[in-house]
Amino acid sequence: AVQNNPDTTLITATAPVSTATHGGRAKCLQRLVRLELPVPRTVALSFSSVHQIAEGRMPDIEAVLGQFDPNSLLCVRPSSEDPDWGGPGAVLNIGMNDARYVDLSDTMGVEAAAALYLRFVHTYAIHVARLDPDVFDDIEANGREGLRLSLRAYEDETDESFPQDRGEQLSAVLRSMARAWEGTSARLLRQAKGAPADAGLGLVVQEMIPGVGQGECGSGVLQLVDPVTGLPQITGRYLSQSQGRDALGEGVAALYLEKDPRGTSLEDVAPEAFAALKEHAALMRSKLREEMQVEFVIESGHVHILDGVRVSRSSRANVRIAVRLAEDGIITPQEAVMRVDPHSLNELLHRQVHPAAERDVLTTGIAASPGAATGRIVFTSAEAQASAARGEACILVRSETAPEDVRGMHAAVAVLTEKGGMTSHAAVIGRGLGLPCIVGASEMRFQTRDRKLTAPDGRVFKTGDIITIDGSSGQVLAGEPEMLEAALDDCFQTLMRWADAERDIGIRANADTPADAQAARNFDAQGIGLCRTEHMFFDPGRLTVMREMIFAETSSGRAAVLARLLPMQREDFVQLFRIMEGQPVCIRLFDPPLHEFLPTTRTGQRELAEALGLPVSDVERRVAAMSEYNPMLGLRGVRLGVTVPEIYDMQARAIFEATLEASKEGAPVVPEVMIPLVSAKREVELVKSRIDAVAAAVASERGKTFDYRLGVMVETPRACLRAEEIAPHTAFLSFGTNDLTQMTYGLSRDDAGRFMSAYVRQGVFAEDPFHVLDADGVGELLKLGSERGRKVKPGLTLSVCGEHGGNPESIGLCRALGFNYVSCSPFRVPVARLSAAQLAI
Ligand code: PEP
Ligand code: MG
């Protein structure tokens, strides 16, 4: 009857068993049966059958029992669709009763028989009869006496003797497991792990191989790889005279599997069984096309395979496993590419907190730049530099960061700020430098002036105290947990090469400095998609010159400062062009929120006054005069270019002179020049005519011609709407989705961090729109802008250069809109390359 009923099926090579109807464990067991592995006889109960059991309709239990030797013991284990959704615990040794106990005492010894019976009585009492576990707490005896007392306790509590009939026992076990799955708490738990509301549970009834008895008996698990590194290495545990997952229990004196100088191994006590087990595991790897953890039992030296589950593993192990499976010809390179979650690459590209380390979490802020680092707290950039000079790792803790802090950021191993969001200064610079960074840690109290940082639980940290920043999770940790180094090894490179072979959208990097550009090259970016030239002036030596330029009151004064800036800029660009070796380099003309360049503190203003030879009052007055109510919507980007055109003239000249300089050494450089924050066609016309004039002047002065491409950054909703009239003047449109998001939502990119988590928690936004591109709103503007632009200029190059460029979800949108490339921080380039490949496969 069982064979013909798909609801209760004996698992054979051809039985109608599927993951969708009987669960993952049942399906895996069938695969193992097909491989002719020594799997104990198993009957699978389908989701619908288990559901019926929960409702009180029992299948034909006699037919199920008919599949097994009448003297065998049975176990029941859960088989949900996805093993991560959990399920009720396994029940072992069903069928133990007084008579079997006597029989088994003869064959395996009294102690072993008593242990089997006792285990079943306890499990049954607690999980099926639902007795309080402390009923057995007072029973100290084991073996025969423990069994006698436990059976008596069972009788006392239930007023019934312990059930002796195997069928009755099995029915009760099935009923209790089926009902446990339907209970509210189990349902909520699995839904939290992503299971649908109506996820089904299958059950498998399997013949027990006891794992206790005469000869070498026991149980354990084995896998062929190290779960943290993914390197081939037999790992696992084995415990003689044990069942189920006993060998994994804490404090258990389990054996090693392979010969090991540290102690006895399974290979020592049962070499043939070990050899067979290794062979089975290798067969499972190649036929199930996955690294599997093998659950096994040894019975008098013979191996039985009870189950196989995918090895749970770290992100770096996952990459290595996928690549090795493909290199061994077990899966295709495309499959390997598909098996790695792009987000998980962040863990490989950076140091991280060891997955097994204990975490003393002080608070969780916004994970703004991935990676982890431990260091001593410093509260100012000067302290950070002093600390670095002493060779001491430090963490820069600031309320928020400004250009003055960039040198401190360079000196620190990580940054923690109270304010800010994904696109705030600290976050952008941190990602560019590959520096772990947490922003918006607003639950901590930052008293930077008093050199104090107070955690929500009241713990106070001062200068020199050691904390750890986990920029991948946003957790601030006390102390120094164990770390795992970055893993840019051969496996990683191989996976990336396979990904590039599939990808059909370009990936560039946002890079402002030679170091960024080098990182971009190392990660195989196809050029620079955004060089934020204002960032080139954050260097302390240059910041003062920059401020002089901003402060210049007359045109001739400004011209003098610009003449000093020109060679610096030219040298910057020559270096970028050289490093990029003919790859495209897109340089954005100056786009400063000017206030970011001005000193805010009294000391800063005094220092500037000194440098400029002005009275402090003058500096104060100028700072006040230049302060804007809303600097992000003020004199920024092209607005500065239109009102103070000499700045862009200088930059254009530096770019073109550098172009000629760098072209001397190799292939001609074709620079891309980009105008930021455009909202009207006329802005483009004005800037373009001046830049064309500078190009003509440089060409005639040097007697050499060169090409360049002029483009427009689309960062305002109006530029999207009017793309049709902007496109004729431009070779490319690059969408600056940071500002575009800010302006579409009317949401400050620097302040949103303060309430973003509340907004996401309450479902106002599904995700932080500065992190994952808002496909419905901002995405609609991208669509309008790109369609309108290409309508008048079909060959128009389209790209995204906001922080979203590195985000897998956002890349999907750009690809669907036919964009040519995305550009993101260098450290996100590999993530982008992999996600783009997955979209194309
Ligand atoms: C943007 O706005 O998306 C952009 C790339 O420019 P920035 O972040 O420098 O404002
Ligand atoms: Mg911008």
# chains A, B, ... in the order shown; residues from 1 in each chain; ligands from 1

call {"tool": "residues_around", "arguments": {"residues": "Gly213 (chain A)", "least_positions_apart": "6", "cutoff": "10 Å", "atoms": "only C-alpha atoms", "output": "ChimeraX atom specification"}}
result
/A:104-105,107-113,240-242,299-300

call {"tool": "write_last_selection", "arguments": {"atoms": "C-alpha atoms", "output": "compact mmCIF listing (two decimals), in the first residue's frame"}}
result
# COMPACT_ATOMS: atom_id res chain seq x y z
CA LEU A 104 18.76 -6.43 23.12
CA SER A 105 20.31 -6.91 26.54
CA THR A 107 22.77 -9.22 22.04
CA MET A 108 24.31 -5.84 22.86
CA GLY A 109 24.58 -5.89 26.61
CA VAL A 110 22.36 -4.50 29.38
CA GLU A 111 23.95 -1.08 29.55
CA ALA A 112 23.60 -0.42 25.82
CA ALA A 113 20.01 -1.69 25.72
CA SER A 240 31.78 5.59 19.95
CA GLN A 241 28.59 4.12 21.44
CA SER A 242 26.44 7.11 20.51
CA GLU A 299 27.53 -0.60 13.40
CA SER A 300 30.06 -3.30 14.21

call {"tool": "residues_near_ligand", "arguments": {"ligand": "ligand 2", "cutoff": "6 Å", "atoms": "only C-alpha atoms and all ligand atoms", "output": "JSON, numbers by chain"}}
result
{"A": [736, 738, 739]}

call {"tool": "write_last_selection", "arguments": {"atoms": "N, CA and C atoms", "output": "tab-separated table (two decimals), in the first residue's frame"}}
result
chain	number	residue	atom	x	y	z
A	736	GLY	N	23.82	60.87	-11.27
A	736	GLY	CA	24.34	60.95	-9.90
A	736	GLY	C	23.19	60.66	-8.97
A	738	ASN	N	22.98	59.82	-5.95
A	738	ASN	CA	22.95	60.29	-4.55
A	738	ASN	C	22.14	61.57	-4.47
A	739	ASP	N	22.54	62.55	-5.27
A	739	ASP	CA	21.79	63.80	-5.26
A	739	ASP	C	20.39	63.61	-5.84

call {"tool": "residues_near_ligand", "arguments": {"ligand": "ligand 1", "cutoff": "8 Å", "atoms": "only C-alpha atoms and all ligand atoms", "output": "list in words"}}
result
Thr423, Val428, Leu530, Arg532, Asp591, Pro676, Leu677, Glu715, Phe735, Gly736, Thr737, Asn738, Asp739, Leu740, Thr741, Val800, Cys801, Gly802 and Glu803 of chain A

call {"tool": "write_last_selection", "arguments": {"atoms": "C-alpha atoms", "output": "compact mmCIF listing (two decimals), in the first residue's frame"}}
result
# COMPACT_ATOMS: atom_id res chain seq x y z
CA THR A 423 26.31 59.08 1.43
CA VAL A 428 31.93 58.08 1.02
CA LEU A 530 33.72 59.50 -11.47
CA ARG A 532 35.41 63.97 -7.69
CA ASP A 591 31.31 70.30 -7.22
CA PRO A 676 27.83 68.39 -12.17
CA LEU A 677 24.39 69.34 -10.84
CA GLU A 715 21.43 64.76 -10.49
CA PHE A 735 23.18 59.78 -13.33
CA GLY A 736 24.34 60.95 -9.90
CA THR A 737 21.81 59.00 -7.95
CA ASN A 738 22.95 60.29 -4.55
CA ASP A 739 21.79 63.80 -5.26
CA LEU A 740 18.98 62.57 -7.47
CA THR A 741 17.64 60.51 -4.57
CA VAL A 800 25.15 55.64 -12.98
CA CYS A 801 27.90 56.96 -10.75
CA GLY A 802 26.11 57.38 -7.43
CA GLU A 803 26.80 54.98 -4.59

call {"tool": "residues_around", "arguments": {"residues": "Ser757 (chain A)", "least_positions_apart": "3", "cutoff": "10 Å", "atoms": "only C-alpha atoms", "output": "NGL selection string"}}
result
:A and (365-366 or 440 or 752-754 or 760-763 or 765 or 767-768)

call {"tool": "atom_distance", "arguments": {"atom1": "CA of Ser825 (chain A)", "atom2": "CA of Arg636 (chain A)"}}
result
22.2 Å

call {"tool": "residues_around", "arguments": {"residues": "Leu257 (chain A)", "least_positions_apart": "2", "cutoff": "9 Å", "atoms": "only C-alpha atoms", "output": "NGL selection string"}}
result
:A and (222 or 234-238 or 255 or 259-260 or 264-268 or 274)

call {"tool": "residues_around", "arguments": {"residues": "Glu657 (chain A)", "least_positions_apart": "3", "cutoff": "8 Å", "atoms": "only C-alpha atoms", "output": "MDAnalysis selection string"}}
result
chainID A and resid 570 653:654 660:661 698

call {"tool": "write_last_selection", "arguments": {"atoms": "C-alpha atoms", "output": "PDB file, in the first residue's frame"}}
result
ATOM      1  CA  ARG A 570      47.689  68.731 -13.866  1.00  0.00           C
ATOM      2  CA  ARG A 653      43.333  73.335 -18.847  1.00  0.00           C
ATOM      3  CA  ALA A 654      44.862  70.973 -16.280  1.00  0.00           C
ATOM      4  CA  LEU A 660      48.908  65.600 -23.905  1.00  0.00           C
ATOM      5  CA  GLU A 661      51.523  64.793 -21.298  1.00  0.00           C
ATOM      6  CA  VAL A 698      45.791  74.221 -25.331  1.00  0.00           C
TER       7      VAL A 698
END

call {"tool": "residues_around", "arguments": {"residues": "Met338 (chain A)", "least_positions_apart": "4", "cutoff": "12 Å", "atoms": "only C-alpha atoms", "output": "PyMOL selection string"}}
result
chain A and resi 318-319+322-323+326+331-334+342+495-496+498-499+502+834-841

call {"tool": "residues_around", "arguments": {"residues": "Thr448 (chain A)", "least_positions_apart": "2", "cutoff": "9 Å", "atoms": "only C-alpha atoms", "output": "list in words"}}
result
Phe379, Thr380, Val397, Arg398, Ser399, Phe446, Asp450, Arg451, Lys452 and Leu453 of chain A

call {"tool": "write_last_selection", "arguments": {"atoms": "N, CA and C atoms", "output": "CSV table (one decimal), in the first residue's frame"}}
result
chain,number,residue,atom,x,y,z
A,379,PHE,N,39.8,60.9,19.4
A,379,PHE,CA,38.6,61.8,19.1
A,379,PHE,C,38.9,62.9,18.1
A,380,THR,N,40.2,63.0,17.7
A,380,THR,CA,40.5,64.1,16.7
A,380,THR,C,41.5,63.5,15.7
A,397,VAL,N,36.8,58.6,16.2
A,397,VAL,CA,35.4,58.8,16.7
A,397,VAL,C,35.1,60.2,16.6
A,398,ARG,N,34.1,60.5,15.7
A,398,ARG,CA,33.7,61.9,15.5
A,398,ARG,C,32.2,62.0,15.5
A,399,SER,N,31.7,63.2,15.8
A,399,SER,CA,30.3,63.4,15.7
A,399,SER,C,29.9,63.3,14.2
A,446,PHE,N,28.0,60.8,22.1
A,446,PHE,CA,29.3,61.2,21.7
A,446,PHE,C,29.7,62.5,22.4
A,450,ASP,N,34.8,66.2,25.5
A,450,ASP,CA,35.2,65.6,26.8
A,450,ASP,C,35.9,64.3,26.6
A,451,ARG,N,36.2,63.9,25.3
A,451,ARG,CA,36.9,62.7,25.0
A,451,ARG,C,36.2,61.5,25.7
A,452,LYS,N,34.8,61.4,25.5
A,452,LYS,CA,34.1,60.3,26.1
A,452,LYS,C,33.0,59.8,25.1
A,453,LEU,N,32.8,58.5,25.2
A,453,LEU,CA,31.9,57.9,24.3
A,453,LEU,C,31.1,56.9,25.2
